[in-house]
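Colleague: Dropping in run_28.txt, with compact mmCIF, C-alpha atoms.
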# COMPACT_ATOMS: atom_id res chain seq x y z
CA MET E 1 63.42 102.07 -112.51
CA ILE E 2 64.49 99.71 -109.77
CA ASP E 3 61.73 99.14 -107.24
CA TYR E 4 61.24 96.65 -104.44
CA GLU E 5 59.70 96.33 -101.03
CA TYR E 6 62.18 95.95 -98.19
CA LYS E 7 61.02 93.94 -95.19
CA ILE E 8 62.98 93.80 -91.94
CA PRO E 9 61.60 90.97 -89.82
CA ALA E 10 62.60 91.02 -86.15
CA ASP E 11 62.82 87.26 -85.68
CA LEU E 12 62.84 83.95 -87.53
CA HIS E 13 59.14 83.44 -87.02
CA GLU E 14 58.43 86.66 -88.91
CA VAL E 15 60.87 85.63 -91.63
CA PHE E 16 58.91 82.44 -92.26
CA THR E 17 55.59 84.32 -92.24
CA LEU E 18 56.92 86.72 -94.88
CA LEU E 19 58.43 83.90 -96.96
CA LYS E 20 55.04 82.18 -96.95
CA GLU E 21 53.24 85.38 -97.85
CA TYR E 22 55.49 86.41 -100.76
CA GLY E 23 56.75 83.03 -101.97
CA GLU E 24 58.79 83.25 -105.14
CA LYS E 25 58.54 87.04 -105.29
CA ALA E 26 60.87 87.33 -102.31
CA THR E 27 64.64 87.08 -101.96
CA LEU E 28 66.46 86.77 -98.66
CA VAL E 29 69.25 89.27 -98.07
CA ALA E 30 71.86 89.12 -95.30
CA GLY E 31 74.79 91.57 -95.54
CA GLY E 32 73.70 92.64 -99.02
CA THR E 33 77.18 92.65 -100.53
CA ASP E 34 76.06 90.25 -103.25
CA VAL E 35 72.32 90.98 -103.49
CA MET E 36 72.48 94.80 -103.51
CA VAL E 37 75.39 94.76 -105.98
CA LYS E 38 73.54 92.39 -108.29
CA ILE E 39 70.44 94.62 -108.24
CA ARG E 40 72.54 97.63 -109.10
CA ASN E 41 74.51 95.86 -111.85
CA THR E 42 71.59 94.11 -113.52
CA ARG E 43 69.04 96.89 -112.91
CA LYS E 44 66.65 94.11 -111.95
CA ALA E 45 65.26 93.43 -108.51
CA PRO E 46 63.00 90.88 -106.90
CA GLU E 47 59.62 92.30 -105.84
CA VAL E 48 60.43 91.90 -102.16
CA LEU E 49 63.67 91.75 -100.22
CA ILE E 50 63.47 90.07 -96.83
CA SER E 51 66.37 91.21 -94.70
CA LEU E 52 67.95 88.94 -92.10
CA ARG E 53 70.15 91.68 -90.66
CA ARG E 54 68.16 92.06 -87.43
CA LEU E 55 68.49 88.38 -86.52
CA GLU E 56 71.33 89.17 -84.15
CA ASP E 57 70.77 85.78 -82.44
CA LEU E 58 72.25 84.12 -85.51
CA ARG E 59 75.63 85.83 -85.14
CA TYR E 60 77.84 83.59 -83.01
CA ILE E 61 80.95 81.41 -82.91
CA ARG E 62 80.68 78.71 -80.24
CA LYS E 63 82.71 75.73 -79.18
CA ASN E 64 81.12 73.00 -77.17
CA GLY E 65 82.69 69.76 -78.29
CA GLY E 66 82.27 70.69 -81.95
CA TYR E 67 81.96 74.18 -83.34
CA ARG E 68 78.79 76.07 -84.23
CA ILE E 69 78.86 79.21 -86.31
CA GLY E 70 75.64 81.19 -86.83
CA GLY E 71 74.58 81.83 -90.42
CA LEU E 72 74.61 85.61 -89.90
CA THR E 73 78.16 85.64 -88.49
CA THR E 74 80.14 88.24 -90.39
CA HIS E 75 83.49 87.61 -92.03
CA ARG E 76 84.93 90.26 -89.73
CA MET E 77 83.81 88.30 -86.65
CA LEU E 78 85.59 85.23 -88.03
CA GLU E 79 88.68 87.30 -88.83
CA LEU E 80 88.88 88.68 -85.29
CA SER E 81 88.18 85.36 -83.54
CA ASN E 82 91.18 83.72 -81.87
CA LEU E 83 89.25 80.47 -81.71
CA VAL E 84 88.74 80.44 -85.48
CA ARG E 85 92.34 81.49 -86.13
CA THR E 86 93.89 78.75 -84.00
CA GLU E 87 91.45 75.87 -84.41
CA LEU E 88 89.69 76.44 -87.75
CA SER E 89 92.66 78.09 -89.44
CA ALA E 90 91.60 77.53 -93.04
CA LEU E 91 88.33 79.34 -92.38
CA HIS E 92 90.27 82.20 -90.81
CA ASP E 93 92.56 82.38 -93.86
CA ALA E 94 89.54 82.65 -96.14
CA ALA E 95 87.25 84.91 -94.11
CA SER E 96 89.97 87.47 -93.49
CA GLN E 97 90.67 87.82 -97.22
CA VAL E 98 87.14 88.36 -98.49
CA GLY E 99 86.63 91.81 -100.01
CA SER E 100 87.72 94.56 -97.65
CA VAL E 101 87.14 95.54 -94.02
CA GLN E 102 83.98 97.40 -95.10
CA VAL E 103 82.68 94.30 -96.88
CA ARG E 104 83.69 91.91 -94.09
CA ASN E 105 81.90 94.09 -91.51
CA VAL E 106 78.54 93.28 -93.12
CA ALA E 107 79.00 90.22 -95.37
CA THR E 108 77.97 86.99 -93.68
CA LEU E 109 79.25 83.41 -93.82
CA GLY E 110 75.72 82.18 -94.57
CA GLY E 111 75.42 84.70 -97.38
CA ASN E 112 78.72 83.69 -98.94
CA ILE E 113 77.65 80.04 -98.98
CA CYS E 114 74.04 80.63 -100.13
CA ASN E 115 75.25 82.86 -102.97
CA ALA E 116 77.13 79.74 -104.09
CA ALA E 117 79.64 81.34 -106.42
CA PRO E 118 82.28 78.91 -107.73
CA SER E 119 84.79 81.34 -106.19
CA ALA E 120 83.21 81.49 -102.70
CA ASP E 121 86.32 81.75 -100.52
CA THR E 122 84.75 80.33 -97.37
CA ALA E 123 83.37 77.25 -99.15
CA ALA E 124 86.75 75.52 -99.49
CA PRO E 125 87.57 75.72 -95.74
CA LEU E 126 84.10 74.56 -94.77
CA LEU E 127 84.61 71.59 -97.10
CA VAL E 128 87.93 70.58 -95.53
CA LEU E 129 86.49 71.05 -92.02
CA ASP E 130 83.59 68.64 -92.78
CA ALA E 131 81.01 71.33 -91.96
CA ALA E 132 77.30 70.61 -92.07
CA VAL E 133 74.78 73.28 -93.05
CA VAL E 134 71.72 73.52 -90.80
CA LEU E 135 68.63 74.74 -92.64
CA GLU E 136 65.26 75.59 -91.17
CA GLY E 137 61.99 75.71 -93.06
CA PRO E 138 58.28 75.25 -92.41
CA GLY E 139 58.89 71.51 -91.97
CA GLY E 140 61.55 71.98 -89.29
CA ARG E 141 65.32 71.72 -89.36
CA ARG E 142 67.58 69.54 -91.50
CA ARG E 143 71.33 69.07 -91.82
CA VAL E 144 73.11 68.94 -95.13
CA PRO E 145 76.83 68.12 -95.40
CA ILE E 146 78.47 71.08 -97.13
CA ALA E 147 79.79 68.69 -99.80
CA GLU E 148 76.15 68.09 -100.84
CA PHE E 149 75.00 71.70 -100.47
CA PHE E 150 76.08 73.15 -103.81
CA LYS E 151 73.95 72.09 -106.75
CA GLY E 152 75.46 74.26 -109.45
CA THR E 153 76.83 77.72 -110.07
CA TYR E 154 74.81 80.05 -107.82
CA ARG E 155 72.47 77.12 -107.00
CA THR E 156 72.13 75.20 -103.75
CA VAL E 157 69.85 72.57 -102.22
CA LYS E 158 68.36 75.22 -99.91
CA GLU E 159 64.65 75.57 -100.68
CA PRO E 160 63.34 79.12 -101.19
CA ASP E 161 61.34 78.87 -97.96
CA GLU E 162 64.34 77.77 -95.90
CA VAL E 163 66.80 79.89 -93.93
CA LEU E 164 70.42 78.91 -93.28
CA ILE E 165 70.63 78.80 -89.48
CA GLU E 166 74.16 77.69 -88.71
CA PHE E 167 77.22 75.68 -89.63
CA ASP E 168 78.17 72.67 -87.53
CA ILE E 169 81.81 71.66 -87.59
CA PRO E 170 82.79 68.44 -85.81
CA GLU E 171 85.45 68.51 -83.14
CA LYS E 172 88.87 67.73 -84.54
CA MET E 173 90.57 65.16 -82.38
CA GLY E 174 94.32 64.79 -82.32
CA ALA E 175 96.91 66.33 -84.59
CA PHE E 176 94.72 68.27 -86.99
CA GLY E 177 95.52 71.40 -88.96
CA SER E 178 94.12 73.27 -91.94
CA ALA E 179 95.02 76.07 -94.33
CA TYR E 180 93.55 77.94 -97.31
CA TRP E 181 95.36 79.74 -100.09
CA LYS E 182 93.52 82.37 -102.08
CA HIS E 183 95.56 82.75 -105.23
CA SER E 184 94.96 86.21 -106.60
CA ARG E 185 96.75 89.18 -108.04
CA ARG E 186 95.89 91.65 -105.29
CA LYS E 187 95.52 91.31 -101.57
CA ALA E 188 92.07 92.91 -101.31
CA MET E 189 88.84 93.43 -103.24
CA GLU E 190 89.65 90.41 -105.34
CA LEU E 191 88.25 87.02 -106.22
CA PRO E 192 90.52 83.99 -106.19
CA LEU E 193 91.95 82.89 -109.54
CA ILE E 194 92.02 79.54 -107.80
CA GLY E 195 91.48 78.68 -104.13
CA ILE E 196 93.06 75.69 -102.38
CA ALA E 197 92.19 74.43 -98.91
CA VAL E 198 93.85 71.44 -97.26
CA SER E 199 93.34 69.81 -93.89
CA VAL E 200 95.51 67.03 -92.50
CA LYS E 201 95.44 64.76 -89.52
CA LEU E 202 98.82 63.18 -88.79
CA SER E 203 99.77 60.11 -86.79
CA GLU E 204 102.65 60.04 -84.32
CA ALA E 205 104.73 58.33 -87.00
CA ASN E 206 104.06 61.37 -89.27
CA GLU E 207 101.69 59.44 -91.51
CA ILE E 208 98.60 61.03 -92.98
CA GLU E 209 95.68 59.52 -91.09
CA ASP E 210 93.17 61.61 -92.96
CA SER E 211 93.09 64.60 -95.25
CA ARG E 212 90.67 66.84 -97.12
CA ILE E 213 91.43 68.91 -100.19
CA ALA E 214 88.95 71.44 -101.51
CA LEU E 215 89.13 73.82 -104.46
CA THR E 216 87.30 76.97 -105.53
CA VAL E 217 87.08 78.16 -109.16
CA ALA E 218 88.07 74.64 -110.23
CA ALA E 219 84.55 73.55 -111.25
CA PRO E 220 81.02 74.99 -111.49
CA THR E 221 80.83 74.72 -107.70
CA PRO E 222 83.41 74.57 -104.91
CA ILE E 223 84.56 70.93 -104.84
CA ARG E 224 86.50 68.35 -102.90
CA ALA E 225 89.32 66.49 -104.63
CA TYR E 226 88.28 63.07 -103.35
CA LEU E 227 90.79 61.08 -105.38
CA ALA E 228 93.70 63.07 -104.02
CA GLU E 229 92.35 62.65 -100.48
CA ASP E 230 92.08 58.87 -100.98
CA PHE E 231 95.62 58.81 -102.31
CA LEU E 232 96.98 60.58 -99.23
CA ARG E 233 95.29 58.38 -96.63
CA GLY E 234 97.87 56.21 -94.83
CA LYS E 235 100.83 57.64 -96.77
CA PRO E 236 103.91 59.18 -95.15
CA PHE E 237 103.91 62.98 -95.02
CA THR E 238 106.70 63.53 -97.55
CA ASP E 239 107.36 66.01 -100.37
CA GLN E 240 106.98 63.30 -103.01
CA VAL E 241 103.61 62.16 -101.65
CA LEU E 242 102.29 65.73 -101.44
CA LYS E 243 103.51 66.47 -104.96
CA GLU E 244 101.59 63.49 -106.31
CA ALA E 245 98.49 64.57 -104.41
CA GLY E 246 98.73 67.98 -106.09
CA GLU E 247 98.97 66.33 -109.49
CA ILE E 248 95.91 64.20 -108.81
CA ALA E 249 93.92 67.17 -107.44
CA SER E 250 94.71 69.25 -110.54
CA SER E 251 93.82 66.47 -112.99
CA SER E 252 90.58 66.34 -114.95
CA GLU E 253 89.50 63.44 -112.74
CA CYS E 254 89.08 65.91 -109.88
CA CYS E 255 88.25 69.24 -111.51
CA THR E 256 86.96 70.88 -114.66
CA LEU E 257 89.31 73.82 -115.03
CA ARG E 258 88.37 76.45 -117.54
CA THR E 259 89.91 79.44 -119.17
CA SER E 260 88.11 82.62 -118.20
CA LEU E 261 88.63 86.31 -118.63
CA ARG E 262 90.58 86.37 -115.40
CA CYS E 263 92.91 83.44 -115.86
CA GLU E 264 93.74 80.54 -118.18
CA ALA E 265 93.07 76.90 -117.31
CA TRP E 266 96.71 75.76 -117.54
CA TYR E 267 97.68 78.36 -114.94
CA ARG E 268 94.98 77.21 -112.55
CA GLU E 269 96.23 73.64 -113.00
CA ASP E 270 99.80 74.65 -112.23
CA MET E 271 98.78 76.59 -109.13
CA ILE E 272 96.82 73.63 -107.74
CA LYS E 273 99.95 71.48 -108.18
CA ILE E 274 102.02 74.04 -106.29
CA PHE E 275 99.63 75.00 -103.53
CA VAL E 276 98.20 71.61 -102.52
CA PRO E 277 101.62 70.61 -101.11
CA ARG E 278 102.24 74.08 -99.66
CA MET E 279 98.89 74.22 -97.89
CA ALA E 280 99.34 70.67 -96.59
CA LYS E 281 102.68 71.74 -95.12
CA LEU E 282 101.21 74.91 -93.63
CA ALA E 283 98.37 72.86 -92.13
CA ALA E 284 100.94 70.48 -90.60
CA GLU E 285 103.00 73.38 -89.24
CA ARG E 286 99.92 74.70 -87.54
CA ILE E 287 99.48 71.42 -85.70
CA LYS E 288 102.83 72.05 -84.00
CA SER E 289 102.07 75.65 -83.16
CA ARG E 290 98.88 74.82 -81.30
CA MET M 1 57.36 103.84 -105.23
CA GLU M 2 57.02 102.86 -101.60
CA LYS M 3 58.55 105.22 -99.05
CA VAL M 4 60.06 104.42 -95.70
CA SER M 5 60.50 106.57 -92.62
CA VAL M 6 63.87 106.09 -90.95
CA SER M 7 65.07 107.56 -87.64
CA PHE M 8 68.72 107.38 -86.76
CA THR M 9 71.60 109.31 -85.25
CA LEU M 10 73.65 111.27 -87.76
CA ASN M 11 76.92 112.75 -86.53
CA GLY M 12 75.53 112.81 -83.01
CA GLU M 13 72.15 114.38 -83.88
CA PRO M 14 68.86 112.47 -83.97
CA VAL M 15 67.27 112.73 -87.45
CA THR M 16 64.24 111.32 -89.26
CA ILE M 17 63.79 111.12 -93.01
CA GLU M 18 61.23 109.76 -95.43
CA VAL M 19 62.68 108.42 -98.67
CA PRO M 20 62.03 105.66 -101.20
CA THR M 21 62.74 102.20 -99.79
CA THR M 22 65.30 101.56 -102.50
CA TRP M 23 67.63 104.39 -101.52
CA ASN M 24 70.95 103.62 -99.93
CA LEU M 25 72.69 105.42 -97.09
CA LEU M 26 75.04 107.28 -99.43
CA LYS M 27 72.18 108.79 -101.41
CA VAL M 28 70.47 109.91 -98.20
CA LEU M 29 73.64 111.57 -96.86
CA ARG M 30 74.20 113.46 -100.08
CA GLU M 31 70.63 114.32 -101.11
CA CYS M 32 68.78 114.75 -97.79
CA PHE M 33 71.59 116.26 -95.73
CA GLU M 34 73.96 117.70 -98.36
CA LEU M 35 76.82 115.86 -96.70
CA ASN M 36 78.98 115.45 -99.79
CA GLY M 37 82.11 114.07 -98.15
CA ALA M 38 81.18 110.47 -98.86
CA LYS M 39 81.29 109.97 -102.63
CA GLU M 40 80.07 107.49 -105.16
CA GLY M 41 83.01 106.01 -107.02
CA CYS M 42 81.92 102.56 -108.16
CA GLY M 43 78.51 102.24 -106.49
CA VAL M 44 79.05 98.54 -105.81
CA GLY M 45 81.21 98.46 -102.69
CA GLU M 46 84.57 98.10 -104.44
CA CYS M 47 86.27 101.49 -104.15
CA GLY M 48 85.51 102.70 -100.62
CA CYS M 49 84.93 106.38 -101.53
CA CYS M 50 81.55 106.15 -99.80
CA THR M 51 82.93 104.77 -96.51
CA VAL M 52 81.17 105.95 -93.35
CA ILE M 53 81.04 104.49 -89.86
CA VAL M 54 77.85 102.74 -88.74
CA ASP M 55 77.70 101.66 -85.09
CA GLY M 56 81.49 101.80 -84.93
CA ASP M 57 82.22 99.81 -88.09
CA ALA M 58 83.43 101.14 -91.45
CA VAL M 59 80.92 100.25 -94.15
CA ASN M 60 80.30 101.04 -97.80
CA SER M 61 77.31 103.39 -97.65
CA CYS M 62 76.57 102.86 -101.36
CA ILE M 63 75.34 99.30 -100.72
CA TYR M 64 73.81 99.90 -97.30
CA PRO M 65 70.01 99.87 -97.75
CA ILE M 66 68.49 102.86 -95.97
CA PRO M 67 65.77 100.87 -94.15
CA GLU M 68 68.58 99.08 -92.30
CA ILE M 69 69.77 102.35 -90.76
CA GLU M 70 66.72 102.59 -88.48
CA GLY M 71 67.95 103.08 -84.91
CA ARG M 72 71.63 103.02 -85.82
CA SER M 73 74.36 105.61 -85.38
CA VAL M 74 76.02 107.00 -88.51
CA LEU M 75 79.23 109.00 -88.57
CA SER M 76 80.34 110.71 -91.76
CA VAL M 77 83.54 112.67 -92.36
CA GLU M 78 81.64 115.89 -91.63
CA GLY M 79 81.05 114.66 -88.08
CA ILE M 80 84.60 113.92 -86.98
CA SER M 81 85.92 117.41 -86.30
CA GLY M 82 86.43 118.51 -82.71
CA THR M 83 83.87 120.55 -80.77
CA ASP M 84 85.83 123.67 -81.72
CA GLY M 85 85.18 122.86 -85.36
CA GLY M 86 88.87 122.30 -86.02
CA LEU M 87 90.34 119.50 -88.04
CA HIS M 88 90.48 115.98 -86.66
CA PRO M 89 94.03 114.71 -85.92
CA LEU M 90 93.72 112.33 -88.87
CA GLN M 91 92.78 115.19 -91.18
CA LYS M 92 95.76 117.22 -89.94
CA ALA M 93 98.08 114.25 -90.44
CA PHE M 94 96.77 113.72 -93.99
CA LEU M 95 97.54 117.36 -94.82
CA GLU M 96 100.99 117.32 -93.23
CA ASN M 97 101.99 114.13 -95.03
CA ASN M 98 100.72 115.09 -98.48
CA ALA M 99 98.33 112.15 -98.25
CA VAL M 100 95.79 114.03 -100.36
CA GLN M 101 96.23 114.55 -104.07
CA CYS M 102 93.02 114.64 -106.12
CA GLY M 103 91.04 114.17 -102.89
CA PHE M 104 88.32 111.88 -104.19
CA CYS M 105 89.27 108.96 -101.94
CA THR M 106 90.21 111.08 -98.93
CA SER M 107 86.93 111.15 -96.99
CA GLY M 108 86.52 107.40 -97.26
CA MET M 109 90.18 106.82 -96.47
CA ILE M 110 89.91 108.93 -93.32
CA MET M 111 86.77 107.13 -92.17
CA SER M 112 88.42 103.72 -92.64
CA ALA M 113 91.46 104.99 -90.75
CA LYS M 114 89.27 106.34 -87.95
CA ALA M 115 87.34 103.08 -87.61
CA LEU M 116 90.69 101.30 -87.37
CA LEU M 117 92.25 103.64 -84.77
CA ASP M 118 89.08 103.70 -82.66
CA LYS M 119 89.48 99.97 -82.10
CA ASN M 120 93.22 99.61 -82.44
CA PRO M 121 95.02 102.82 -81.36
CA GLU M 122 98.50 101.47 -82.09
CA PRO M 123 98.26 99.54 -85.33
CA THR M 124 101.20 97.99 -87.16
CA GLU M 125 101.85 99.05 -90.75
CA ASP M 126 100.32 95.78 -91.84
CA GLU M 127 97.17 96.45 -89.84
CA ILE M 128 96.93 99.93 -91.33
CA ARG M 129 97.24 98.53 -94.84
CA THR M 130 94.54 95.96 -94.10
CA GLY M 131 92.38 98.69 -92.56
CA ILE M 132 92.43 100.76 -95.76
CA SER M 133 92.47 97.81 -98.16
CA GLY M 134 88.91 98.63 -99.21
CA ASN M 135 89.81 102.18 -100.22
CA PHE M 136 91.13 102.82 -103.70
CA CYS M 137 93.57 105.68 -104.17
CA ARG M 138 94.81 106.17 -107.72
CA CYS M 139 97.13 109.12 -106.97
CA THR M 140 99.36 108.64 -103.96
CA GLY M 141 100.51 105.04 -104.15
CA TYR M 142 99.33 104.76 -100.52
CA VAL M 143 102.72 105.42 -98.90
CA GLN M 144 101.86 108.94 -97.69
CA ILE M 145 98.45 107.74 -96.53
CA VAL M 146 99.95 104.96 -94.43
CA GLU M 147 102.47 107.45 -93.01
CA ALA M 148 99.70 109.90 -92.19
CA ILE M 149 97.76 107.27 -90.28
CA GLU M 150 100.93 106.25 -88.44
CA MET M 151 101.53 109.89 -87.51
CA ALA M 152 97.96 110.38 -86.33
CA ALA M 153 98.25 107.28 -84.17
CA LYS M 154 101.49 108.61 -82.63
CA ASN M 155 100.29 112.17 -82.07
CA LYS M 156 96.98 111.29 -80.55
CA GLU M 157 95.22 114.41 -79.35
CA GLY M 158 92.29 113.16 -77.36
CA ASN M 159 89.87 110.66 -78.76
CA PHE M 160 89.59 109.56 -82.32
For this file, write the structure as structure tokens.

Modeller:
Amino acid sequence: MIDYEYKIPADLHEVFTLLKEYGEKATLVAGGTDVMVKIRNTRKAPEVLISLRRLEDLRYIRKNGGYRIGGLTTHRMLELSNLVRTELSALHDAASQVGSVQVRNVATLGGNICNAAPSADTAAPLLVLDAAVVLEGPGGRRRVPIAEFFKGTYRTVKEPDEVLIEFDIPEKMGAFGSAYWKHSRRKAMELPLIGIAVSVKLSEANEIEDSRIALTVAAPTPIRAYLAEDFLRGKPFTDQVLKEAGEIASSSECCTLRTSLRCEAWYREDMIKIFVPRMAKLAAERIKSR
Amino acid sequence: MEKVSVSFTLNGEPVTIEVPTTWNLLKVLRECFELNGAKEGCGVGECGCCTVIVDGDAVNSCIYPIPEIEGRSVLSVEGISGTDGGLHPLQKAFLENNAVQCGFCTSGMIMSAKALLDKNPEPTEDEIRTGISGNFCRCTGYVQIVEAIEMAAKNKEGNF
């Protein structure tokens, strides 16, 4: 028999009080699309669920210099935001393809990242946008670059008594664009077989000033393909250069591709080779359309 | 097992229930109110047969913890008919377009469609397909369903 207590704190202060009271017995739950499903599938539940759903103050998308997105912001809010679509395009690509409308209406960005699945769609865009995760605990707030946030499959550096408050994304100066490709067999209710996000910043001479490449389902955690990024820096934005970047990103120096029930490793490798250049081109196209 | 008392608005009426904390909204609709339109297909938010509208948004009621419903407004398929008790324009359009075969997905499909049209009265085909992308239908192949929603949007009779 599944049994648990369900606490609905009204504000952050109450959340911390409850976390202190219940310690390891408690699990935080945001939209519940991972936690409730896991309870149902495993028939096991933590003793106490502490719901964050009433923390309406943590649902926001703001631009003031950089961008700040509240931890409880739903995927649907990101999908419907013109600001996200035009300026943080890769995040829009990812958020609007998670689950279904019903899932996106409740599932949160903070939840997707704290669940820390290797396939977390929104992780790759946050990686190419240089996002920082802001955590708050009894000792105050701290910032963790998203590239240092994932510790392993379903494991993060967030302490059990910390709450993910928001994501900080630096302002992107100049000709910057981003894109994410979720490679899957269906358009909805699907996990990526492989996910590829690319951001590029181009010079007036069409050289790559800077670039980020991030992959989901390519390793135990979402990762950046640093070697491919280094290779691109300062190079001309040409088909040949992008092709080589795709080859580097798909190599075992960048990722640890595996064969799973859903897809074989060689296919994931091939798709990285194809979609790194395509996403780089889409990101560049979006610079022009802004 | 701990129980929780929850007050909310169900299909326009204020209601209060006392059920185990672990129940979800779907179970409450079916077992406390005998509203059997929303159905359990997968039970994990994949199939959409349990779709209802909470505060204007389509959600999977099978993974919506009942304590979260406190103070919210829930609309199930039983609550969408007109004041005369007649069929809702979407229900009529589903019948006219043969968008119902076995019927298991229909309630959820109609609630997703309603949530869409409430916010976007003139959706494109693409927007309709996105709107129902969380609703599995294994009979129709979706074409008649999309056509039915298009028809309902065109023949609006009053509010959705």

Colleague: Set the cut-off to 9 Å and count only C-alpha atoms: what are the residues of chain E that reach chain M? Output as a list in words.

Modeller: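 Here they are: Ile2, Asp3, Tyr4, Glu5, Tyr6, Lys7, Ile8, Gly31, Gly32, Thr33, Met36, Val37, Lys38, Arg40, Asn41, Ser51, Arg53, Arg54, Gly99, Ser100, Val101, Gln102, Val103, Arg104, Asn105, Val106, Lys187, Ala188 and Met189 of chain E.
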
Colleague: Could you tell me how far CA of Leu232 (chain E) lies from CA of Val144 (chain E), in Å and to one decimal?

Modeller: 25.6 Å

Colleague: Of the candidates M:Cys50, M:Val74, M:Ala148, M:Cys42, which one gets nearest to Arg30 (chain M) if we count only C-alpha atoms?

Modeller: M:Cys50

Colleague: As an exercise, work out the distance from CA of Val15 (chain E) to CA of Pro160 (chain E) in Å and give it to one decimal place.

Modeller: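 For CA of Val15 (chain E) relative to CA of Pro160 (chain E), the distance reads 11.8 Å.
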
Colleague: Determine, counting only C-alpha atoms, which protein, DNA and RNA residues have an atom within 9 Å of an atom of Ile223 (chain E); residues of the same chain fewer than 5 positions away are not included. Present the result as a list in words.

Modeller: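 The neighbour list is Pro118, Ala123, Ala124, Leu127, Ala147, Phe150, Ile213, Ala214, Leu215, Thr216, Val217, Ala218, Cys254 and Cys255 of chain E.
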
Colleague: Around (101.3, 115.1, -93.5) in the file's frame, which residues reach within 8 Å when counting all atoms listed in the file? Return as number ranges by chain?

Modeller: M: 92-99, 144, 147-148, 151

Colleague: Using C-alpha atoms, can you write the selected residues to a file as an mmCIF file, keeping the file's coordinate frame?

Modeller:
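Once everything was written out, this is selection.cif:
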data_model
loop_
_atom_site.group_PDB
_atom_site.id
_atom_site.type_symbol
_atom_site.label_atom_id
_atom_site.label_comp_id
_atom_site.auth_asym_id
_atom_site.auth_seq_id
_atom_site.Cartn_x
_atom_site.Cartn_y
_atom_site.Cartn_z
ATOM 1 C CA LYS M 92 95.760 117.220 -89.940
ATOM 2 C CA ALA M 93 98.080 114.250 -90.440
ATOM 3 C CA PHE M 94 96.770 113.720 -93.990
ATOM 4 C CA LEU M 95 97.540 117.360 -94.820
ATOM 5 C CA GLU M 96 100.990 117.320 -93.230
ATOM 6 C CA ASN M 97 101.990 114.130 -95.030
ATOM 7 C CA ASN M 98 100.720 115.090 -98.480
ATOM 8 C CA ALA M 99 98.330 112.150 -98.250
ATOM 9 C CA GLN M 144 101.860 108.940 -97.690
ATOM 10 C CA GLU M 147 102.470 107.450 -93.010
ATOM 11 C CA ALA M 148 99.700 109.900 -92.190
ATOM 12 C CA MET M 151 101.530 109.890 -87.510
#

Colleague: For CA of Trp181 (chain E) and CA of Val128 (chain E), quote the distance in Å rounded to one decimal.

Modeller: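 CA of Val128 (chain E) lies 12.6 Å from CA of Trp181 (chain E).
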
Colleague: Got a sec: who's within 10 Å of Gly70 (chain E), counting only C-alpha atoms, leaving out chain neighbours fewer than 2 positions off, as a PyMOL selection string?

Modeller: chain E and resi 56-62+68+72-74+108-110+134+164-168

Colleague: Go ahead and fit an axis-aligned box to every listed atom of region 46-61 of chain M plus 3 Å each side, and pass me the centre and edge lengths in Å, one decimal, as JSON.

Modeller:
{"center_x": 81.8, "center_y": 102.2, "center_z": -94.7, "size_x": 15.0, "size_y": 14.3, "size_z": 25.5}

Colleague: For region 239-250 of chain E, find every residue with an atom within 9 Å (counting all atoms listed in the file), except residues of its own chain fewer than 5 positions away, and show them as an MDAnalysis selection string.

Modeller: chainID E and resid 213:215 218 224:229 231:232 255:257 268:278 280:281

Colleague: Please produce a file of the residues just selected, as a JSON list (two decimals), in the frame of the given file, where the atoms kept are C-alpha atoms.

Modeller:
[["chain", "number", "residue", "atom", "x", "y", "z"],
["E", 213, "ILE", "CA", 91.43, 68.91, -100.19],
["E", 214, "ALA", "CA", 88.95, 71.44, -101.51],
["E", 215, "LEU", "CA", 89.13, 73.82, -104.46],
["E", 218, "ALA", "CA", 88.07, 74.64, -110.23],
["E", 224, "ARG", "CA", 86.50, 68.35, -102.90],
["E", 225, "ALA", "CA", 89.32, 66.49, -104.63],
["E", 226, "TYR", "CA", 88.28, 63.07, -103.35],
["E", 227, "LEU", "CA", 90.79, 61.08, -105.38],
["E", 228, "ALA", "CA", 93.70, 63.07, -104.02],
["E", 229, "GLU", "CA", 92.35, 62.65, -100.48],
["E", 231, "PHE", "CA", 95.62, 58.81, -102.31],
["E", 232, "LEU", "CA", 96.98, 60.58, -99.23],
["E", 255, "CYS", "CA", 88.25, 69.24, -111.51],
["E", 256, "THR", "CA", 86.96, 70.88, -114.66],
["E", 257, "LEU", "CA", 89.31, 73.82, -115.03],
["E", 268, "ARG", "CA", 94.98, 77.21, -112.55],
["E", 269, "GLU", "CA", 96.23, 73.64, -113.00],
["E", 270, "ASP", "CA", 99.80, 74.65, -112.23],
["E", 271, "MET", "CA", 98.78, 76.59, -109.13],
["E", 272, "ILE", "CA", 96.82, 73.63, -107.74],
["E", 273, "LYS", "CA", 99.95, 71.48, -108.18],
["E", 274, "ILE", "CA", 102.02, 74.04, -106.29],
["E", 275, "PHE", "CA", 99.63, 75.00, -103.53],
["E", 276, "VAL", "CA", 98.20, 71.61, -102.52],
["E", 277, "PRO", "CA", 101.62, 70.61, -101.11],
["E", 278, "ARG", "CA", 102.24, 74.08, -99.66],
["E", 280, "ALA", "CA", 99.34, 70.67, -96.59],
["E", 281, "LYS", "CA", 102.68, 71.74, -95.12]]

Colleague: Between M:Gly103, M:Gly79, M:Gly37, M:Gly56, single out the one closest to Glu13 (chain M), counting all atoms listed in the file.

Modeller: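 Once distances to Glu13 (chain M) are computed over all atoms listed in the file, the minimum belongs to M:Gly79.
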
Colleague: What residues have an atom no more than 9 Å from (95.1, 65.0, -92.3) in the file's own frame, counting all atoms listed in the file, and can you write them as a list of chain:residue names?

Modeller: E:Ala175, E:Phe176, E:Gly177, E:Ser178, E:Val198, E:Ser199, E:Val200, E:Lys201, E:Leu202, E:Ser203, E:Glu207, E:Ile208, E:Glu209, E:Asp210, E:Ser211, E:Arg212, E:Glu229, E:Leu232, E:Arg233, E:Ala280, E:Ala283, E:Ala284
